[in-house]
Structure formats: structure tokens, C-alpha cells
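A quick write-up on the structure given underneath.
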Amino acid sequence: METMTLLARNRRILRRPAMMAACTVFAGMLFCWTAMASAAAQAPAKTGAAVAKIVAMDGEVILQSGADVIPARPNMAVKDGDFVLTKQGNAQIAFNDGAELKVFPFSNAKISQRQEKTGLLSRTTQLSRRITAFVGKMWFKSGSSVSRNFLQTPTAVCGLRGSDADFGYNPAQLNSFLNMYSGQAQVVGTVVRGFFDNPGISAAVKSQVYQALSNAYVQTQQAKATGKTVEVASAQVVALAVAKIAATEVAKSNPDALVKAQAQVASAAVDASIASAKTVVVTEQIKDVQAAAVKAVEDAKKAGDAAKAAEAEKAAQAAAVQAAQAEAAARAAAQAAARAQQAADAMNLQQTQAAAQVAQNAEQRAETAQTRTIEAVKNVVTTTVPTTVAPTTIAPTTVETTAAPTTAETTVAPTTVTTTIITTIPTTIPTTTSTVRSTVAPTSP
């Protein structure tokens, strides 16, 4: 009886307009708060945002941003995902929150800064800065923000807390180095602690990532000098291969499950970008052949050879059809590469791989169109255009030194590196960590 009376009273209360309005407003606020919290937790990280700038440098410094490789200069923006390489020089980088990074000679690092999911159930996100050294020596000092800082190598990850430290990597011995001046570090993997010398040129010539980036810089500058679209596109394929080599190296050797997963996703995304860039190369090559066929028509007409002109005209028309098909494949590949990057930002490996496969299928269609073009014009024009894009094998690179005039060469493996991809992406760092406390006097750079 009392229960029935209470229910009746509650119904009368809820009929009152003011109470009903208040309940509606509260419910709306609760819904909006929940939706905003969920959106914040699931918001994908965006690549390519400016996170720092080069405030000082000396000597030769190279910056790779996406598929472009350029000489660095003071006040140049550094974006999420960029690679920085020094030869005989240094680069000092200032982040937006006041954090500092100094890259010493013959060193190479990738800089990433984005939102990452955190917590046991990965329901929240936090800004995370990851600096991955592939060779050489660097110094880092934390800024004033609440972002998490990680100093990484292919074989170790050091999570910093209010820290000031040197870190580096020697790929010849797979050694990671950490020298703390202040603060603490949670380490996953094995590091050599304490003061260490810069591995220098001897390590740089043995670093696949360093040599690949050095070579990509040379090819990019040469391609830009020609002004030819096909040459620039070919150089972009080589530049993108740098990110592939770097991701493969980390995915293969890093002991941190999250870092390994990030590298695997990045590797799949760059596969899509490389496929997209290759379709552009193939399309431009087909257009060159088409132009040669058109010229053959004009030459035959000038020579009064009607039969030859008719044959060349037919070949030119066939080449035009194939060029249109290759352009369609290039558009499809570019769209798939964009989807792959979006999926990678959201750390969705399966969707990234699926989009990469679509891009690679488009690349195959473009190559088929190229093969048909060569067949159509073989009796009309002489061409040396390959039926597929040349493999992006990194050529030997000469590394400069102030010592005696000798050159050090090394050949980097082709970029089509096979790596095992897992589909379960952990969102927490393994618990096998150790605390590193500073035992070095605070005399940082």
C-alpha cells in the first residue's frame, strides 16, 4: 500500500512543468557530458600537426616531413611524425610547451606527439611525446605541460618524469643509452646507464634508417632540380621508404607492446602511401609514352607515311585509354592511403591493413595499364620505360667526415621488408619496468 502511494505521489510530482523541465535539462546535460567524454576518449590523433620548431643549428641538418626531404633551417616547423638527421652539425629543437631537444652530429630521430589512450580500460587520452633515436646521441629536457615524455630506440623505451637526460642508440651493437641528469625514468628493455660517447659516424654508416634518409635527401634534391613530375614522384617513393624501414626496425625489436603495435600500424599506413606514390610514377610514365606516340604520328605525317601515321594514331589512342585508367587507379590509391592514415591515427590495425591492400590493388591496376601501353606502342615508338616501378632499394650513401678524405659506404636492404603483424593492439605498457634514478651531477648541456 505504501509503495502504491509513493508511486502515485512521484507521478504527480513529475507532472509538474517545472520539475519535468528540470529533469529534462539534467538528462540533457548528462547525455552531453557522456558524449563529450566518449568522444574525447575515442578522438583519433592527427598526424602532421606542428609540435616544435628548430631554434638553432649548425652544419648540415636534414628534415623529412611526409614524402618530402628538405634541408633544415632555423625557425622551421617540426611536425608530428617528422625525422631529423644531422651530419657534421647539431640541431636544437624547442617544443610548444618549452621542452627542448638537442640532436648531436651523425644522429637521426623521429619526433611524434599526439593523443594516446591511457588507463586500464583505455577510456581516456593524454598527450604523449615520443622521440625515437635510430642512431647517435641526443639530449632532452621536459617542458611545463602535462604531456608524457618517452625517449625511445628500436630496443628500449624510457618514460620520463620531470627529466633531463642524454639518450642514444648504436645500431651496430643494438645498444640503447640513457644518462639521467635529473628526474626519473621508467624503462622497458635494456639500456646502458651513465655517461656515454656519441656513437658518431661509425654507427651512422651502419644505420639503415640514417642511410636511407641520407639517400632520399640526395634523390629528392636531384629530382626537384629536373623539374620533372615523374622524377619527383619517384623520389617520394624513396622518401616514404624511410618511414617503412624505421617502422619495421621498431616493430621487430622493441620490447614495449604499445610501441611495437604503433610501429606495426605505421608500417601498414606507409605501405598504402608508398602504393599511392607508385601509381603516380606509373601514370606519369604512361603519359610519357603516350606523348612519344603522339609525336610519332606527327613525324609520320611530316614524312608522308600515311600507313605509319595511322598505326601511330591507333597506338596513341590506346595509350590515352590506359593513361586514363592509370589516373583512376592513382585517385583510388590516394583515397585508400588517406583512409589508411585515418585508421592508423585511431590505432586500428585491421582497417589500416585493409586500406593499404586497396591501395596496393590500385597500384597493380596502374602497372597493368602500363604493360598494356608498352605493348600497344612497341611497333611505333622506342621506349625504355619499365613495366613496373623500379624497386626502392637504397643506394650506397657517402657520409661526410672531418677526418681524412675517405668515404664510408653501406647498402641498405630493399624497403619491402616482411614483418609479422598482430591484430590485437595493447593499450597499456607492460608491467616489466624498472626505475632509473639519476646518479650524475646536474651538468646537462
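Labels used: A, B, ... for chains in the order of the C-alpha cells, numbers from 1 for residues in each chain, and numbers from 1 for ligands as shown.
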* Asked: Excluding same-chain residues fewer than 6 positions from A:Glu298, what lies within 12 Å of it counting only C-alpha atoms, as number ranges by chain?
  -> A: 291-292, 304-306, 308-313, 316, 380
Hey, can you spit out that residue selection with N, CA and C atoms as a short mmCIF file (atom, residue, chain, number, x, y, z; two decimals), in the first residue's frame?
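Now in part-v4.cif:
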```cif
data_model
loop_
_atom_site.label_atom_id
_atom_site.label_comp_id
_atom_site.auth_asym_id
_atom_site.auth_seq_id
_atom_site.Cartn_x
_atom_site.Cartn_y
_atom_site.Cartn_z
N ALA A 291 52.87 10.56 -75.02
CA ALA A 291 53.40 11.72 -75.73
C ALA A 291 54.34 11.30 -76.86
N ALA A 292 55.12 10.24 -76.63
CA ALA A 292 56.01 9.74 -77.67
C ALA A 292 55.21 9.20 -78.86
N GLY A 304 55.09 11.95 -94.81
CA GLY A 304 54.17 11.48 -95.83
C GLY A 304 53.88 10.00 -95.76
N ASP A 305 54.13 9.38 -94.61
CA ASP A 305 53.89 7.95 -94.45
C ASP A 305 52.52 7.77 -93.80
N ALA A 306 51.48 7.67 -94.62
CA ALA A 306 50.11 7.57 -94.12
C ALA A 306 49.89 6.31 -93.29
N LYS A 308 52.10 4.54 -91.57
CA LYS A 308 52.77 4.67 -90.28
C LYS A 308 52.03 5.65 -89.37
N ALA A 309 51.49 6.72 -89.96
CA ALA A 309 50.74 7.69 -89.18
C ALA A 309 49.49 7.06 -88.59
N ALA A 310 48.81 6.21 -89.38
CA ALA A 310 47.60 5.54 -88.90
C ALA A 310 47.92 4.58 -87.76
N GLU A 311 49.02 3.85 -87.92
CA GLU A 311 49.42 2.91 -86.87
C GLU A 311 49.79 3.65 -85.59
N ALA A 312 50.49 4.76 -85.72
CA ALA A 312 50.88 5.55 -84.55
C ALA A 312 49.66 6.18 -83.89
N GLU A 313 48.71 6.60 -84.71
CA GLU A 313 47.48 7.18 -84.16
C GLU A 313 46.73 6.17 -83.31
N ALA A 316 48.57 5.75 -80.06
CA ALA A 316 48.39 6.91 -79.19
C ALA A 316 47.03 6.87 -78.51
N VAL A 380 55.65 1.30 -82.69
CA VAL A 380 55.55 2.69 -83.11
C VAL A 380 56.67 3.56 -82.55
#
```
* Apply DSSP to the backbone of this structure and, from stretch 145-318 of chain A, keep only the residues in strand (DSSP E or B); write these as a ChimeraX atom specification. => /A:148-153,156-170,175-189,192-193
* **Gap from atom CA of A:Arg73 to atom CA of A:Thr86 - Å, one decimal** =>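 For atom CA of A:Arg73 relative to atom CA of A:Thr86, the distance reads 12.0 Å.
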* Near A:Ala243, within 12 Å and counting only C-alpha atoms, which residues show up once chain neighbours fewer than 5 positions away are dropped, as a PyMOL selection string? -> chain A and resi 64-69+81-83+109-111+134+208-210+212-213+216+236-238+248-250+263-274+415-417
How would the residues just picked look written out with N, CA and C atoms as a CSV table (one decimal), in the first residue's frame?
```
chain,number,residue,atom,x,y,z
A,64,GLN,N,62.9,15.4,-42.7
A,64,GLN,CA,61.9,14.7,-43.6
A,64,GLN,C,60.5,14.9,-43.0
A,65,SER,N,59.6,15.4,-43.8
A,65,SER,CA,58.2,15.6,-43.4
A,65,SER,C,57.4,14.9,-44.4
A,66,GLY,N,56.8,13.8,-44.1
A,66,GLY,CA,56.0,13.0,-45.1
A,66,GLY,C,56.8,12.5,-46.2
A,67,ALA,N,56.5,12.8,-47.4
A,67,ALA,CA,57.2,12.3,-48.6
A,67,ALA,C,58.3,13.4,-49.1
A,68,ASP,N,58.5,14.4,-48.3
A,68,ASP,CA,59.4,15.5,-48.7
A,68,ASP,C,60.6,15.5,-47.8
A,69,VAL,N,61.8,15.6,-48.4
A,69,VAL,CA,63.0,15.7,-47.6
A,69,VAL,C,63.7,16.9,-48.0
A,81,GLY,N,55.6,13.2,-36.5
A,81,GLY,CA,56.0,12.2,-37.5
A,81,GLY,C,57.2,12.5,-38.3
A,82,ASP,N,57.8,13.7,-38.1
A,82,ASP,CA,59.0,14.1,-38.9
A,82,ASP,C,60.2,13.4,-38.4
A,83,PHE,N,61.2,13.3,-39.3
A,83,PHE,CA,62.5,12.7,-39.0
A,83,PHE,C,63.5,13.9,-39.1
A,109,ALA,N,66.6,10.9,-35.6
A,109,ALA,CA,65.5,10.7,-34.7
A,109,ALA,C,64.2,11.0,-35.4
A,110,LYS,N,63.1,10.3,-34.9
A,110,LYS,CA,61.8,10.6,-35.3
A,110,LYS,C,61.0,11.2,-34.1
A,111,ILE,N,60.3,12.3,-34.4
A,111,ILE,CA,59.5,13.0,-33.4
A,111,ILE,C,58.0,12.8,-33.6
A,134,PHE,N,67.3,6.5,-33.8
A,134,PHE,CA,67.7,5.4,-34.6
A,134,PHE,C,69.2,5.3,-34.7
A,208,GLN,N,70.5,1.6,-41.0
A,208,GLN,CA,69.6,1.6,-42.2
A,208,GLN,C,68.8,2.8,-42.4
A,209,VAL,N,68.2,3.3,-41.3
A,209,VAL,CA,67.4,4.4,-41.3
A,209,VAL,C,68.2,5.7,-41.7
A,210,TYR,N,69.3,5.9,-41.1
A,210,TYR,CA,70.2,7.0,-41.4
A,210,TYR,C,70.6,7.0,-42.8
A,212,ALA,N,69.2,5.4,-45.4
A,212,ALA,CA,68.0,5.6,-46.2
A,212,ALA,C,67.6,7.0,-46.4
A,213,LEU,N,67.6,7.7,-45.2
A,213,LEU,CA,67.2,9.1,-45.2
A,213,LEU,C,68.2,10.0,-46.0
A,216,ALA,N,67.6,9.4,-49.6
A,216,ALA,CA,66.3,10.0,-50.0
A,216,ALA,C,66.5,11.5,-50.2
A,236,GLN,N,59.7,10.6,-54.1
A,236,GLN,CA,58.8,10.5,-53.0
A,236,GLN,C,58.6,9.0,-52.5
A,237,VAL,N,58.7,8.1,-53.5
A,237,VAL,CA,58.6,6.7,-53.1
A,237,VAL,C,59.8,6.3,-52.3
A,238,VAL,N,61.0,6.8,-52.6
A,238,VAL,CA,62.2,6.5,-51.9
A,238,VAL,C,62.1,7.2,-50.5
A,248,THR,N,59.6,-0.8,-39.4
A,248,THR,CA,59.9,-2.2,-39.4
A,248,THR,C,61.0,-2.5,-38.4
A,249,GLU,N,61.9,-1.6,-38.2
A,249,GLU,CA,63.0,-1.8,-37.2
A,249,GLU,C,62.4,-1.8,-35.8
A,250,VAL,N,61.5,-0.9,-35.5
A,250,VAL,CA,61.0,-0.8,-34.2
A,250,VAL,C,60.0,-2.0,-33.9
A,263,ALA,N,54.2,0.8,-34.2
A,263,ALA,CA,55.1,0.7,-35.3
A,263,ALA,C,54.4,-0.2,-36.4
A,264,GLN,N,53.7,-1.2,-36.0
A,264,GLN,CA,53.0,-2.1,-36.9
A,264,GLN,C,51.9,-1.3,-37.7
A,265,VAL,N,51.2,-0.5,-37.0
A,265,VAL,CA,50.2,0.3,-37.6
A,265,VAL,C,50.8,1.3,-38.6
A,266,ALA,N,51.9,2.0,-38.2
A,266,ALA,CA,52.6,2.9,-39.0
A,266,ALA,C,53.1,2.2,-40.3
A,267,SER,N,53.6,1.0,-40.1
A,267,SER,CA,54.2,0.3,-41.3
A,267,SER,C,53.1,0.0,-42.3
A,268,ALA,N,51.9,-0.4,-41.8
A,268,ALA,CA,50.8,-0.6,-42.7
A,268,ALA,C,50.3,0.6,-43.4
A,269,ALA,N,50.3,1.8,-42.7
A,269,ALA,CA,49.9,3.0,-43.3
A,269,ALA,C,50.9,3.5,-44.3
A,270,VAL,N,52.2,3.3,-44.1
A,270,VAL,CA,53.2,3.7,-45.1
A,270,VAL,C,53.1,2.8,-46.3
A,271,ASP,N,52.7,1.6,-46.1
A,271,ASP,CA,52.5,0.7,-47.3
A,271,ASP,C,51.5,1.3,-48.3
A,272,ALA,N,50.4,1.9,-47.7
A,272,ALA,CA,49.4,2.5,-48.5
A,272,ALA,C,50.0,3.7,-49.2
A,273,SER,N,50.7,4.5,-48.5
A,273,SER,CA,51.3,5.7,-49.0
A,273,SER,C,52.3,5.4,-50.2
A,274,ILE,N,53.1,4.4,-50.0
A,274,ILE,CA,54.0,4.0,-51.0
A,274,ILE,C,53.3,3.5,-52.2
A,415,THR,N,63.1,-1.9,-49.3
A,415,THR,CA,62.1,-1.4,-48.4
A,415,THR,C,61.0,-2.4,-48.2
A,416,THR,N,60.9,-3.4,-49.1
A,416,THR,CA,59.8,-4.4,-49.0
A,416,THR,C,60.2,-5.4,-48.0
A,417,VAL,N,60.2,-5.0,-46.7
A,417,VAL,CA,60.6,-5.9,-45.6
A,417,VAL,C,59.4,-6.6,-45.1
```
* Hey, can you check how far atom CA of A:Ala334 sits from atom CA of A:Val282? ->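 Taking atom CA of A:Ala334 as the start and atom CA of A:Val282 as the end point, the length is 13.6 Å.
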* To do: Please identify all polymer residues within 10 Å of A:Gly59, counting only C-alpha atoms, omitting same-chain residues fewer than 6 positions from it, and present them as a list in words.
  => Thr86, Lys87, Gln88, Gly89, Asn90, Ala91 and Pro105 of chain A
* Asked: Running DSSP on the backbone, which parts of stretch 30-259 of chain A land in alpha helix (DSSP H), as a VMD selection string?
  -> chain A and resid 30 to 42 200 to 204 208 to 226 229 to 253 257 to 259
